[in-house]
>>> print(open('my_file.txt').read())   # compact mmCIF, C-alpha atoms
# COMPACT_ATOMS: atom_id res chain seq x y z
CA MET D 1 -42.34 20.10 -28.62
CA MET D 2 -40.25 20.65 -25.51
CA ILE D 3 -39.70 17.93 -22.96
CA SER D 4 -39.19 18.90 -19.35
CA PHE D 5 -39.03 16.96 -16.15
CA LYS D 6 -39.20 17.81 -12.53
CA MET D 7 -36.66 16.20 -10.25
CA LYS D 8 -38.46 14.66 -7.29
CA GLU D 9 -35.33 13.53 -5.41
CA PRO D 10 -32.48 16.03 -5.99
CA LYS D 11 -30.37 14.42 -3.22
CA TYR D 12 -30.00 11.24 -5.32
CA PHE D 13 -28.98 13.30 -8.32
CA ILE D 14 -26.36 15.16 -6.25
CA LEU D 15 -25.12 11.89 -4.73
CA SER D 16 -24.82 10.42 -8.24
CA LEU D 17 -22.77 13.43 -9.36
CA VAL D 18 -20.48 13.12 -6.33
CA VAL D 19 -19.91 9.43 -7.05
CA LEU D 20 -19.30 10.10 -10.76
CA PHE D 21 -16.80 12.91 -10.15
CA SER D 22 -15.03 10.94 -7.40
CA TYR D 23 -14.67 8.00 -9.78
CA LEU D 24 -13.34 10.27 -12.55
CA GLY D 25 -10.93 12.00 -10.13
CA ILE D 26 -9.52 8.71 -8.86
CA ASN D 27 -9.04 7.45 -12.42
CA ILE D 28 -7.27 10.66 -13.48
CA PHE D 29 -5.00 10.41 -10.41
CA ILE D 30 -4.19 6.79 -11.19
CA ARG D 31 -3.38 7.54 -14.82
CA LEU D 32 -1.19 10.54 -13.94
CA HIS D 33 0.68 8.95 -11.06
CA GLY D 34 0.62 5.25 -11.93
CA ALA D 35 -0.94 4.52 -8.55
CA PHE D 36 -3.46 1.91 -7.47
CA PHE D 37 -4.54 0.43 -4.18
CA TYR D 38 -3.57 -2.97 -2.79
CA ILE D 39 -5.37 -4.76 0.02
CA ASN D 40 -3.02 -6.93 2.06
CA THR D 41 -4.71 -10.03 3.46
CA THR D 42 -1.63 -11.94 4.64
CA PRO D 43 0.00 -11.55 8.07
CA SER D 44 3.54 -10.94 6.84
CA GLN D 45 2.79 -7.21 6.74
CA PRO D 46 0.10 -5.26 8.59
CA LEU D 47 -3.34 -6.13 7.23
CA GLY D 48 -4.76 -3.09 5.51
CA ILE D 49 -5.01 -0.91 2.44
CA TYR D 50 -1.80 0.22 0.78
CA GLN D 51 -1.35 2.87 -1.86
CA ALA D 52 0.77 1.44 -4.64
CA LEU D 53 3.09 3.98 -6.20
CA LYS D 54 4.76 3.79 -9.57
CA PHE D 55 8.06 1.92 -9.41
CA ASP D 56 10.76 4.06 -11.03
CA GLY D 57 13.51 1.43 -10.78
CA ARG D 58 15.14 2.92 -7.66
CA LEU D 59 15.15 0.90 -4.45
CA GLU D 60 16.41 1.43 -0.94
CA THR D 61 16.70 -1.08 1.86
CA GLY D 62 13.43 -1.03 3.80
CA ASP D 63 11.24 0.03 0.86
CA LEU D 64 7.93 -1.78 0.79
CA VAL D 65 7.26 -3.34 -2.62
CA ILE D 66 4.46 -5.20 -4.36
CA PHE D 67 5.80 -7.90 -6.65
CA LYS D 68 4.86 -10.96 -8.63
CA PRO D 69 5.99 -14.13 -6.84
CA PRO D 70 8.69 -16.05 -8.73
CA GLN D 71 7.38 -19.13 -10.55
CA LYS D 72 9.40 -21.47 -8.33
CA ILE D 73 7.34 -20.55 -5.24
CA HIS D 74 3.87 -20.78 -6.83
CA PRO D 75 3.33 -24.30 -5.38
CA TYR D 76 3.77 -22.79 -1.92
CA VAL D 77 1.99 -19.44 -2.06
CA TYR D 78 -0.87 -20.54 -4.35
CA GLY D 79 -0.78 -24.32 -4.00
CA ARG D 80 -1.01 -24.19 -0.19
CA GLY D 81 -3.70 -21.53 -0.28
CA TRP D 82 -1.68 -18.81 1.44
CA MET D 83 -2.66 -16.44 -1.37
CA LYS D 84 -5.23 -16.45 -4.15
CA GLU D 85 -3.96 -17.45 -7.59
CA GLY D 86 -2.35 -14.43 -9.26
CA GLU D 87 -2.21 -12.34 -6.07
CA LEU D 88 0.92 -10.25 -5.64
CA MET D 89 3.28 -10.32 -2.65
CA LEU D 90 4.02 -7.42 -0.31
CA LYS D 91 7.44 -7.39 1.37
CA ASN D 92 10.20 -5.03 2.41
CA VAL D 93 13.44 -4.78 0.50
CA GLY D 94 15.87 -6.52 2.83
CA ALA D 95 18.98 -6.46 0.66
CA LEU D 96 20.19 -4.85 -2.56
CA PRO D 97 22.88 -5.66 -5.14
CA GLY D 98 26.21 -6.27 -3.44
CA ASP D 99 24.66 -7.11 -0.07
CA ILE D 100 25.46 -10.49 1.46
CA TYR D 101 22.83 -12.66 3.10
CA GLU D 102 23.40 -15.91 4.89
CA VAL D 103 20.77 -18.52 5.67
CA THR D 104 21.53 -21.17 8.30
CA ASP D 105 19.34 -23.80 9.95
CA GLU D 106 18.47 -21.25 12.64
CA ALA D 107 18.41 -17.75 11.10
CA ILE D 108 18.86 -15.35 8.23
CA MET D 109 21.47 -12.62 8.45
CA ILE D 110 21.97 -9.71 6.08
CA ASN D 111 25.43 -8.11 6.03
CA GLY D 112 26.17 -9.89 9.30
CA GLN D 113 23.03 -8.60 11.09
CA HIS D 114 20.46 -11.07 12.44
CA VAL D 115 17.10 -10.55 10.68
CA GLY D 116 14.93 -13.44 11.79
CA PRO D 117 14.49 -17.16 12.43
CA ILE D 118 14.14 -20.00 9.94
CA ALA D 119 11.31 -22.53 10.14
CA THR D 120 11.44 -26.01 8.65
CA VAL D 121 7.65 -26.42 8.33
CA ASP D 122 4.70 -24.11 7.75
CA ARG D 123 1.81 -23.71 10.23
CA LYS D 124 0.18 -26.87 8.83
CA GLY D 125 3.34 -28.91 9.40
CA LEU D 126 4.28 -29.09 5.71
CA PRO D 127 7.97 -28.73 4.78
CA LEU D 128 9.27 -25.38 3.58
CA PRO D 129 11.93 -24.88 0.89
CA ARG D 130 15.41 -25.24 2.32
CA LEU D 131 17.76 -22.46 1.27
CA ARG D 132 21.11 -22.63 3.08
CA GLY D 133 24.39 -20.86 2.44
CA ARG D 134 25.97 -17.47 1.86
CA PHE D 135 24.68 -15.45 -1.09
CA LYS D 136 25.40 -12.11 -2.74
CA VAL D 137 22.49 -10.17 -4.23
CA LYS D 138 23.19 -9.67 -7.95
CA GLU D 139 22.53 -6.60 -10.08
CA GLY D 140 18.86 -6.40 -11.03
CA GLU D 141 17.74 -8.32 -7.92
CA PHE D 142 16.54 -7.62 -4.38
CA LEU D 143 15.94 -9.80 -1.34
CA PRO D 144 12.32 -9.62 -0.11
CA ILE D 145 12.03 -9.79 3.68
CA SER D 146 9.35 -9.22 6.28
CA THR D 147 10.04 -8.82 9.97
CA HIS D 148 6.39 -8.18 10.86
CA ILE D 149 6.01 -11.83 11.86
CA PRO D 150 8.88 -14.12 12.94
CA ASN D 151 8.73 -16.58 10.03
CA SER D 152 7.33 -14.78 7.03
CA PHE D 153 7.57 -16.74 3.77
CA ASP D 154 10.07 -14.52 2.01
CA GLY D 155 13.62 -14.45 0.64
CA ARG D 156 14.90 -16.50 3.59
CA TYR D 157 13.20 -19.49 1.89
CA PHE D 158 13.52 -18.66 -1.81
CA GLY D 159 16.34 -16.14 -2.21
CA ALA D 160 16.65 -12.97 -4.23
CA VAL D 161 14.06 -11.93 -6.82
CA SER D 162 14.42 -10.00 -10.08
CA THR D 163 13.45 -6.34 -9.82
CA LYS D 164 11.46 -6.95 -13.03
CA GLN D 165 8.91 -8.71 -10.79
CA ILE D 166 8.20 -5.46 -8.90
CA LYS D 167 4.87 -3.89 -9.83
CA ALA D 168 4.94 -0.94 -7.40
CA LYS D 169 6.26 0.53 -4.18
CA ALA D 170 3.70 0.62 -1.37
CA VAL D 171 2.65 2.85 1.51
CA LEU D 172 0.20 1.78 4.22
CA VAL D 173 -2.80 4.13 4.22
CA TYR D 174 -5.24 2.22 6.43
CA LYS D 175 -4.47 -0.53 8.94
CA PHE D 176 -7.25 -2.97 9.79
CA LYS D 177 -7.90 -3.44 13.50
CA ASN D 178 -7.70 -6.67 15.56
CA GLN D 179 -4.72 -8.28 13.84
CA LYS D 180 -3.13 -11.48 15.06
CA LYS D 181 0.46 -12.31 14.20
CA THR D 182 0.97 -15.89 13.04
CA ASN D 183 3.95 -17.96 11.96
CA THR D 184 4.96 -19.11 8.49
CA GLY D 185 2.14 -19.83 6.14
CA ASN D 186 2.60 -16.96 3.81
>>> encode(input="my_file.txt", output="structure tokens")
Amino acid sequence: MMISFKMKEPKYFILSLVVLFSYLGINIFIRLHGAFFYINTTPSQPLGIYQALKFDGRLETGDLVIFKPPQKIHPYVYGRGWMKEGELMLKNVGALPGDIYEVTDEAIMINGQHVGPIATVDRKGLPLPRLRGRFKVKEGEFLPISTHIPNSFDGRYFGAVSTKQIKAKAVLVYKFKNQKKTNTGN
């Protein structure tokens, strides 16, 4: 006995094949290149979709990286609701091993160059961590910085971070429209 069927809606079958092969293609790309996509929902970088590229251990000043926030800042980023629990941070590499950064009551400077202001409270009026002094970035660390908004919650408040926390480098692929820049609160 032979079973046959007549396809009444070939467009749905074709659409299903397109979706299936797109899904398979994306997964093959991800496995081969170690890439994934990251949606940034915080104002410290442009809101949008970023392609996350495999981190090979090499960094340059200005690189955009996705990293796990250090444990010491969890009460701020997660506890104050700036990010969802477990969400990763997206910041530029502001300084590398051997670079000197200085944090005063007014500003952060890297290698003597002004980078941005320092806030004492977040946008809800709650106190921010107070990091003051002159520091040298050690081997195996980087200083995360964002200059997209004036008072991003970044290395100016918590210092250098281990490169082991980096999950990927990032490239903006789609910027959401109608973005407002706000002050510290992530």
>>> residues_around(input="my_file.txt", residues="region 126-142 of chain D", least_positions_apart="3", cutoff="6 Å", atoms="all atoms listed in the file", output="tab-separated table (two decimals) with C-alpha atoms, in the frame of the given file")
chain	number	residue	atom	x	y	z
D	95	ALA	CA	18.98	-6.46	0.66
D	96	LEU	CA	20.19	-4.85	-2.56
D	97	PRO	CA	22.88	-5.66	-5.14
D	98	GLY	CA	26.21	-6.27	-3.44
D	99	ASP	CA	24.66	-7.11	-0.07
D	100	ILE	CA	25.46	-10.49	1.46
D	101	TYR	CA	22.83	-12.66	3.10
D	102	GLU	CA	23.40	-15.91	4.89
D	103	VAL	CA	20.77	-18.52	5.67
D	104	THR	CA	21.53	-21.17	8.30
D	120	THR	CA	11.44	-26.01	8.65
D	121	VAL	CA	7.65	-26.42	8.33
D	122	ASP	CA	4.70	-24.11	7.75
D	157	TYR	CA	13.20	-19.49	1.89
D	160	ALA	CA	16.65	-12.97	-4.23
D	161	VAL	CA	14.06	-11.93	-6.82
D	162	SER	CA	14.42	-10.00	-10.08
D	163	THR	CA	13.45	-6.34	-9.82
>>> closest_residue(input="my_file.txt", among="D:Asn40, D:Gln45, D:Gln51, D:Ser152", to="Arg123 (chain D)", atoms="all atoms listed in the file")
D:Ser152
>>> residues_around(input="my_file.txt", residues="region 166-172 of chain D", least_positions_apart="3", cutoff="6 Å", atoms="all atoms listed in the file", output="short mmCIF file (atom, residue, chain, number, x, y, z; two decimals) with C-alpha atoms, in the coordinates of the input")
data_model
loop_
_atom_site.label_atom_id
_atom_site.label_comp_id
_atom_site.auth_asym_id
_atom_site.auth_seq_id
_atom_site.Cartn_x
_atom_site.Cartn_y
_atom_site.Cartn_z
CA TYR D 50 -1.80 0.22 0.78
CA GLN D 51 -1.35 2.87 -1.86
CA ALA D 52 0.77 1.44 -4.64
CA LEU D 53 3.09 3.98 -6.20
CA LYS D 54 4.76 3.79 -9.57
CA PHE D 55 8.06 1.92 -9.41
CA LEU D 64 7.93 -1.78 0.79
CA VAL D 65 7.26 -3.34 -2.62
CA ILE D 66 4.46 -5.20 -4.36
CA PHE D 67 5.80 -7.90 -6.65
CA THR D 163 13.45 -6.34 -9.82
#
>>> closest_residue(input="my_file.txt", among="D:Gly81, D:Pro70, D:Gly116, D:Gly94", to="Pro150 (chain D)", atoms="all atoms listed in the file")
D:Gly116
>>> atom_distance(input="my_file.txt", atom1="CA of Gly112 (chain D)", atom2="CA of Ser44 (chain D)")
22.8 Å
>>> atom_distance(input="my_file.txt", atom1="CA of Gln165 (chain D)", atom2="CA of Gly57 (chain D)")
11.1 Å
>>> closest_residue(input="my_file.txt", among="D:Gly155, D:Gly48, D:Gly86, D:Pro144", to="Val173 (chain D)", atoms="all atoms listed in the file")
D:Gly48
>>> atom_distance(input="my_file.txt", atom1="CA of Lys177 (chain D)", atom2="CA of Tyr78 (chain D)")
25.7 Å
>>> closest_residue(input="my_file.txt", among="D:Pro75, D:Gly125, D:Pro46, D:Pro117", to="Leu90 (chain D)", atoms="only C-alpha atoms")
D:Pro46
>>> closest_residue(input="my_file.txt", among="D:Arg80, D:His74, D:His114, D:Arg58", to="Val93 (chain D)", atoms="all atoms listed in the file")
D:Arg58
